[in-house]
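Peer 1: Hey, dropping start10.cif in here, mmCIF, C-alpha atoms and all ligand atoms:
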```
data_protein
loop_
_atom_site.label_atom_id
_atom_site.label_comp_id
_atom_site.auth_asym_id
_atom_site.auth_seq_id
_atom_site.Cartn_x
_atom_site.Cartn_y
_atom_site.Cartn_z
CA MET A 1 -24.04 -13.39 89.50
CA ARG A 2 -23.34 -15.01 86.15
CA PHE A 3 -24.58 -13.98 82.69
CA ASP A 4 -24.17 -16.27 79.68
CA ILE A 5 -24.82 -14.35 76.47
CA ILE A 6 -25.44 -16.26 73.24
CA THR A 7 -24.75 -14.28 70.08
CA VAL A 8 -23.57 -14.51 66.46
CA LEU A 9 -21.54 -11.32 66.97
CA PRO A 10 -19.46 -11.82 70.13
CA ALA A 11 -17.08 -9.02 69.06
CA LEU A 12 -19.91 -6.51 69.56
CA LEU A 13 -19.77 -7.34 73.27
CA ASP A 14 -15.98 -7.05 73.76
CA SER A 15 -15.92 -3.42 74.77
CA PRO A 16 -19.05 -2.85 76.87
CA PHE A 17 -17.88 -5.22 79.61
CA ALA A 18 -14.17 -4.33 79.49
CA HIS A 19 -14.26 -0.93 81.18
CA SER A 20 -15.28 0.99 84.24
CA ILE A 21 -17.87 -0.46 86.61
CA LEU A 22 -18.56 -3.66 84.65
CA GLN A 23 -14.86 -4.44 84.41
CA ARG A 24 -14.39 -3.79 88.12
CA ALA A 25 -17.37 -5.98 89.04
CA GLN A 26 -15.81 -8.89 87.14
CA LYS A 27 -12.35 -8.32 88.61
CA LYS A 28 -13.85 -8.33 92.11
CA GLY A 29 -15.59 -11.64 91.28
CA LEU A 30 -19.05 -10.11 91.80
CA ALA A 31 -20.15 -10.66 88.20
CA GLU A 32 -19.17 -13.23 85.61
CA ILE A 33 -20.08 -12.44 82.01
CA VAL A 34 -19.47 -15.21 79.49
CA VAL A 35 -20.10 -14.63 75.79
CA HIS A 36 -20.78 -17.65 73.56
CA ASN A 37 -20.47 -17.64 69.78
CA LEU A 38 -23.63 -19.27 68.42
CA ARG A 39 -21.73 -20.40 65.30
CA ASP A 40 -19.66 -22.75 67.48
CA TYR A 41 -22.90 -24.72 67.96
CA SER A 42 -23.78 -24.96 64.26
CA THR A 43 -23.36 -28.39 62.70
CA HIS A 44 -23.34 -26.98 59.16
CA LYS A 45 -20.17 -26.88 57.06
CA GLN A 46 -20.54 -23.11 56.59
CA LYS A 47 -21.41 -22.64 60.27
CA SER A 48 -24.73 -21.10 59.26
CA VAL A 49 -27.21 -20.36 62.03
CA ASP A 50 -30.23 -19.23 60.00
CA ASP A 51 -32.51 -20.43 57.23
CA TYR A 52 -35.39 -19.33 54.98
CA PRO A 53 -38.75 -18.75 56.65
CA TYR A 54 -41.42 -21.42 56.18
CA GLY A 55 -44.35 -19.95 54.30
CA GLY A 56 -42.07 -17.52 52.46
CA GLY A 57 -41.35 -13.88 53.10
CA SER A 58 -38.23 -11.76 53.24
CA GLY A 59 -35.31 -12.19 55.61
CA MET A 60 -33.76 -15.18 57.30
CA VAL A 61 -34.88 -16.81 60.54
CA MET A 62 -32.43 -18.03 63.18
CA SER A 63 -32.63 -21.82 63.53
CA ILE A 64 -33.46 -23.75 66.67
CA GLU A 65 -30.60 -26.30 66.59
CA PRO A 66 -27.60 -24.06 67.48
CA PHE A 67 -29.54 -22.23 70.20
CA ALA A 68 -30.82 -25.52 71.62
CA ALA A 69 -27.34 -27.08 71.62
CA CYS A 70 -25.78 -24.08 73.40
CA ILE A 71 -28.60 -23.72 75.96
CA GLU A 72 -28.64 -27.44 76.72
CA LYS A 73 -24.87 -27.50 77.25
CA LEU A 74 -25.11 -24.55 79.66
CA LYS A 75 -28.07 -26.10 81.49
CA SER A 76 -26.10 -29.32 81.98
CA GLU A 77 -23.42 -27.29 83.81
CA ARG A 78 -25.55 -25.22 86.21
CA GLU A 79 -29.10 -24.20 86.94
CA TYR A 80 -30.47 -21.06 85.31
CA GLU A 81 -33.27 -19.01 86.86
CA GLU A 82 -34.03 -17.09 83.67
CA ILE A 83 -33.46 -17.48 79.94
CA ILE A 84 -34.14 -14.05 78.51
CA PHE A 85 -34.68 -13.22 74.85
CA LEU A 86 -33.99 -9.58 73.94
CA THR A 87 -36.69 -8.50 71.49
CA PRO A 88 -38.55 -5.28 70.65
CA ASP A 89 -41.86 -7.06 71.36
CA GLY A 90 -40.88 -8.01 74.92
CA GLU A 91 -41.83 -6.22 78.16
CA THR A 92 -40.06 -2.88 78.42
CA LEU A 93 -36.99 -2.85 80.65
CA LYS A 94 -37.60 -0.79 83.79
CA GLN A 95 -35.58 -0.25 86.95
CA THR A 96 -37.92 -2.66 88.76
CA ILE A 97 -36.96 -5.45 86.33
CA ALA A 98 -33.25 -4.67 86.79
CA ASN A 99 -33.75 -4.81 90.58
CA GLU A 100 -35.55 -8.13 90.28
CA LEU A 101 -32.86 -9.67 88.05
CA SER A 102 -30.08 -8.52 90.38
CA SER A 103 -31.23 -11.16 92.89
CA LYS A 104 -30.64 -14.03 90.41
CA THR A 105 -27.54 -16.22 90.30
CA ASN A 106 -27.41 -17.52 86.71
CA VAL A 107 -29.11 -15.93 83.71
CA ILE A 108 -28.86 -16.70 79.97
CA LEU A 109 -29.39 -13.92 77.43
CA LEU A 110 -30.28 -14.76 73.82
CA CYS A 111 -29.45 -12.21 71.13
CA GLY A 112 -31.48 -12.44 67.92
CA HIS A 113 -30.76 -11.11 64.43
CA TYR A 114 -32.25 -11.06 60.96
CA LYS A 115 -36.05 -11.43 60.86
CA GLY A 116 -36.23 -13.16 64.19
CA ILE A 117 -35.68 -16.51 65.82
CA ASP A 118 -37.66 -19.71 65.29
CA GLN A 119 -40.73 -19.42 67.54
CA ARG A 120 -39.99 -22.82 69.07
CA ILE A 121 -36.88 -21.39 70.80
CA ARG A 122 -39.15 -18.86 72.48
CA ASP A 123 -41.80 -21.46 73.32
CA LEU A 124 -39.45 -24.15 74.62
CA PHE A 125 -36.54 -22.35 76.29
CA VAL A 126 -37.23 -18.67 76.92
CA THR A 127 -38.63 -17.71 80.34
CA ARG A 128 -38.83 -13.97 79.78
CA GLU A 129 -38.74 -11.54 76.83
CA ILE A 130 -37.39 -8.03 77.33
CA SER A 131 -37.25 -4.94 75.11
CA ILE A 132 -35.06 -1.94 75.91
CA GLY A 133 -37.49 0.48 74.27
CA ASP A 134 -39.91 1.12 71.44
CA TYR A 135 -37.43 1.17 68.58
CA VAL A 136 -35.86 -1.58 66.51
CA LEU A 137 -32.13 -2.28 66.66
CA SER A 138 -30.14 -4.54 64.33
CA GLY A 139 -29.72 -7.24 66.94
CA GLY A 140 -30.01 -8.12 70.61
CA GLU A 141 -26.35 -7.47 71.52
CA LEU A 142 -26.65 -3.80 72.47
CA PRO A 143 -29.86 -4.50 74.41
CA ALA A 144 -28.06 -7.36 76.21
CA ALA A 145 -25.22 -4.99 77.15
CA VAL A 146 -27.76 -2.45 78.42
CA LEU A 147 -29.50 -5.08 80.53
CA VAL A 148 -26.25 -6.43 82.01
CA ASP A 149 -25.07 -2.90 82.88
CA ALA A 150 -28.38 -2.01 84.55
CA VAL A 151 -28.28 -5.20 86.64
CA VAL A 152 -24.58 -5.54 87.52
CA ARG A 153 -24.28 -2.01 88.95
CA LEU A 154 -26.95 -3.01 91.49
CA LEU A 155 -25.04 -6.03 92.83
CA PRO A 156 -23.83 -5.45 96.40
CA GLY A 157 -20.22 -4.24 96.44
CA VAL A 158 -20.11 -3.17 92.79
CA LEU A 159 -20.50 0.57 93.36
CA ASN A 160 -18.00 2.15 95.73
CA ASP A 161 -20.56 4.41 97.34
CA GLU A 162 -23.25 1.96 98.45
CA THR A 163 -25.88 4.67 98.50
CA SER A 164 -25.31 5.98 95.00
CA ALA A 165 -27.37 3.33 93.19
CA LEU A 166 -30.20 4.00 95.65
CA SER A 167 -30.34 7.71 94.83
CA ASP A 168 -30.41 7.14 91.03
CA SER A 169 -33.22 8.52 88.97
CA PHE A 170 -35.94 5.81 88.79
CA GLN A 171 -34.76 4.06 91.95
CA GLY A 172 -37.25 6.16 93.92
CA GLU A 173 -40.20 7.72 92.14
CA LEU A 174 -38.32 10.94 91.30
CA LEU A 175 -35.74 11.84 88.67
CA ASP A 176 -32.38 13.13 89.92
CA ALA A 177 -31.84 16.78 90.83
CA PRO A 178 -29.25 18.73 88.75
CA VAL A 179 -25.61 18.45 89.83
CA TYR A 180 -22.71 20.93 89.55
CA THR A 181 -18.96 20.97 90.08
CA ARG A 182 -16.23 23.64 89.97
CA PRO A 183 -15.96 26.40 88.86
CA ALA A 184 -18.74 28.05 90.89
CA ASP A 185 -18.95 30.75 88.22
CA TRP A 186 -18.34 29.90 84.55
CA LYS A 187 -18.53 33.00 82.35
CA GLY A 188 -21.28 34.40 84.56
CA HIS A 189 -23.24 31.11 84.73
CA LYS A 190 -23.38 30.48 88.46
CA VAL A 191 -23.98 27.40 90.57
CA PRO A 192 -27.11 27.88 92.75
CA ASP A 193 -26.11 29.64 95.99
CA VAL A 194 -27.72 27.03 98.22
CA LEU A 195 -25.21 24.37 97.06
CA LEU A 196 -22.33 26.58 98.25
CA SER A 197 -24.02 27.38 101.58
CA GLY A 198 -22.87 24.27 103.45
CA HIS A 199 -26.37 24.07 104.95
CA GLU A 200 -27.18 20.35 104.66
CA ALA A 201 -30.90 20.52 105.39
CA LYS A 202 -31.43 23.38 102.95
CA ILE A 203 -29.44 21.52 100.29
CA ALA A 204 -31.53 18.38 100.80
CA GLU A 205 -34.73 20.42 100.52
CA TRP A 206 -33.50 22.18 97.35
CA ARG A 207 -32.57 18.83 95.78
CA HIS A 208 -35.95 17.36 96.60
CA ASP A 209 -37.78 20.39 95.15
CA GLU A 210 -35.69 20.31 91.98
CA ALA A 211 -36.20 16.56 91.60
CA LEU A 212 -39.93 17.01 92.02
CA SER A 213 -40.27 19.84 89.51
CA ARG A 214 -38.05 18.03 86.99
CA THR A 215 -40.18 14.90 87.36
CA LYS A 216 -43.45 16.88 87.00
CA LYS A 217 -42.16 18.52 83.85
CA ARG A 218 -40.45 15.58 82.15
CA ARG A 219 -42.08 12.42 83.46
CA PRO A 220 -45.43 13.20 85.11
CA ASP A 221 -46.34 9.51 84.58
CA LEU A 222 -43.86 8.59 87.33
CA LEU A 223 -45.89 10.53 89.89
CA GLU A 224 -49.23 8.86 89.09
N1 LIG B 1 -33.65 -6.29 69.35
C1 LIG B 1 -33.87 -5.36 68.41
N2 LIG B 1 -34.41 -4.26 68.92
C2 LIG B 1 -34.53 -4.47 70.26
C3 LIG B 1 -35.03 -3.71 71.34
N3 LIG B 1 -35.52 -2.49 71.19
N4 LIG B 1 -35.00 -4.26 72.57
C4 LIG B 1 -34.53 -5.50 72.74
N5 LIG B 1 -34.05 -6.27 71.76
C5 LIG B 1 -34.06 -5.77 70.52
#
```
Can you give me the file's structure in the form of structure tokens?

Peer 2:
Amino acid sequence: MRFDIITVLPALLDSPFAHSILQRAQKKGLAEIVVHNLRDYSTHKQKSVDDYPYGGGSGMVMSIEPFAACIEKLKSEREYEEIIFLTPDGETLKQTIANELSSKTNVILLCGHYKGIDQRIRDLFVTREISIGDYVLSGGELPAAVLVDAVVRLLPGVLNDETSALSDSFQGELLDAPVYTRPADWKGHKVPDVLLSGHEAKIAEWRHDEALSRTKKRRPDLLE
């Protein structure tokens, strides 16, 4: 799967894709993540990518030309199934959306800044608008990194243990049960006996019960 991310701050995306699972996915050739600097597509002398809003008001608006030039160049090279704009007024990212996107081959992500992007970019190019939650960030780069992480870890072969993505919180309807590792007793705080029992069926039952009570307490909406 390939992601093309269009941003004015490519440096913000250096680190998130350079470590751990996302790095491994790229090394294995399972994911390709290409970051494009929007300023490279500006025809202005100062490489500006924004302008004053028509009708007045505070803040700058990102212009259509650089976005259009970058998107059109990418579209001339391959077909894209989705062009996603990260925005707080989009549909909220859920595991189901990550699952859905993990079946795509080529996806473009647009990162906005300032007051927003010219509405015509959204009307003419964007196929889907996604928010990572009900709060406002300074730009779409961190949301883009969140989206890519959520999707890439689902691609077949990315996780070593094929079953581990399937048992994640949100992948079923329950949150995860608590987990423990050594020592079995830390200053009198003990690991539940059942986990040390070696009794697989009892452990599975305990995990299910814990997952259920955690879900009831924290996210009853998931059980509705
Ligand atoms: N850009 C700014 N805030 C955002 C959010 N919460 N989700 C997606 N994109 C954003």

Peer 1: Please provide as a ChimeraX atom specification all residues within 12 Å of Asp123 (chain A), with the sequence filter that same-chain residues fewer than 3 positions apart are discarded (counting only C-alpha atoms).

Peer 2: /A:64,68,83-85,117-120,126-129

Peer 1: Mind giving me the straight-line distance from CA of Pro156 (chain A) to CA of Asp4 (chain A) in Å, one decimal?

Peer 2: 19.9 Å

Peer 1: Quick one: residues within 12 Å of Arg24 (chain A), all atoms listed in the file counted, chain neighbours fewer than 2 positions away excluded, as a list in words?

Peer 2: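 These residues fall inside the cut-off: Phe17, Ala18, His19, Ser20, Ile21, Leu22, Gln26, Lys27, Lys28, Gly29, Leu30, Ala31, Glu32, Asp149, Val152, Arg153, Leu155, Gly157, Val158, Leu159 and Asn160 of chain A.
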
Peer 1: Could you jot down the CA of Ile71 (chain A) to CA of Ile132 (chain A) separation for me, Å, one decimal place?

Peer 2: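 The value is 22.7 Å.
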
Peer 1: With ligand LIG 1 (chain B) as the partner and 9 Å as the cut-off, tabulate the residues of chain A that qualify, each row holding the nearest pair of atoms and their distance in Å to one decimal, using all atoms listed in the file, sorted by chain and rising number, as CSV.

Peer 2:
```
residue,atom,partner,partner_atom,distance
A:Phe85,CA,B:LIG1,N5,7.6
A:Leu86,CA,B:LIG1,N5,4.0
A:Thr87,CA,B:LIG1,N5,3.5
A:Pro88,CA,B:LIG1,C3,3.9
A:Asp89,CA,B:LIG1,N4,7.5
A:Gly90,CA,B:LIG1,C4,7.2
A:Thr92,CA,B:LIG1,N4,7.9
A:Leu93,CA,B:LIG1,N4,8.4
A:Cys111,CA,B:LIG1,N1,7.5
A:Gly112,CA,B:LIG1,N1,6.7
A:His113,CA,B:LIG1,N1,7.5
A:Gly116,CA,B:LIG1,N1,9.0
A:Glu129,CA,B:LIG1,C4,8.4
A:Ile130,CA,B:LIG1,C4,6.0
A:Ser131,CA,B:LIG1,N4,3.5
A:Ile132,CA,B:LIG1,N4,4.1
A:Gly133,CA,B:LIG1,N3,4.7
A:Asp134,CA,B:LIG1,N3,5.7
A:Tyr135,CA,B:LIG1,N3,4.9
A:Val136,CA,B:LIG1,N2,3.9
A:Leu137,CA,B:LIG1,N2,3.8
A:Ser138,CA,B:LIG1,C1,5.6
A:Gly139,CA,B:LIG1,N1,4.7
A:Gly140,CA,B:LIG1,N1,4.3
A:Glu141,CA,B:LIG1,N1,7.7
A:Leu142,CA,B:LIG1,N5,7.8
A:Pro143,CA,B:LIG1,C4,5.1
A:Ala144,CA,B:LIG1,N5,7.5
```
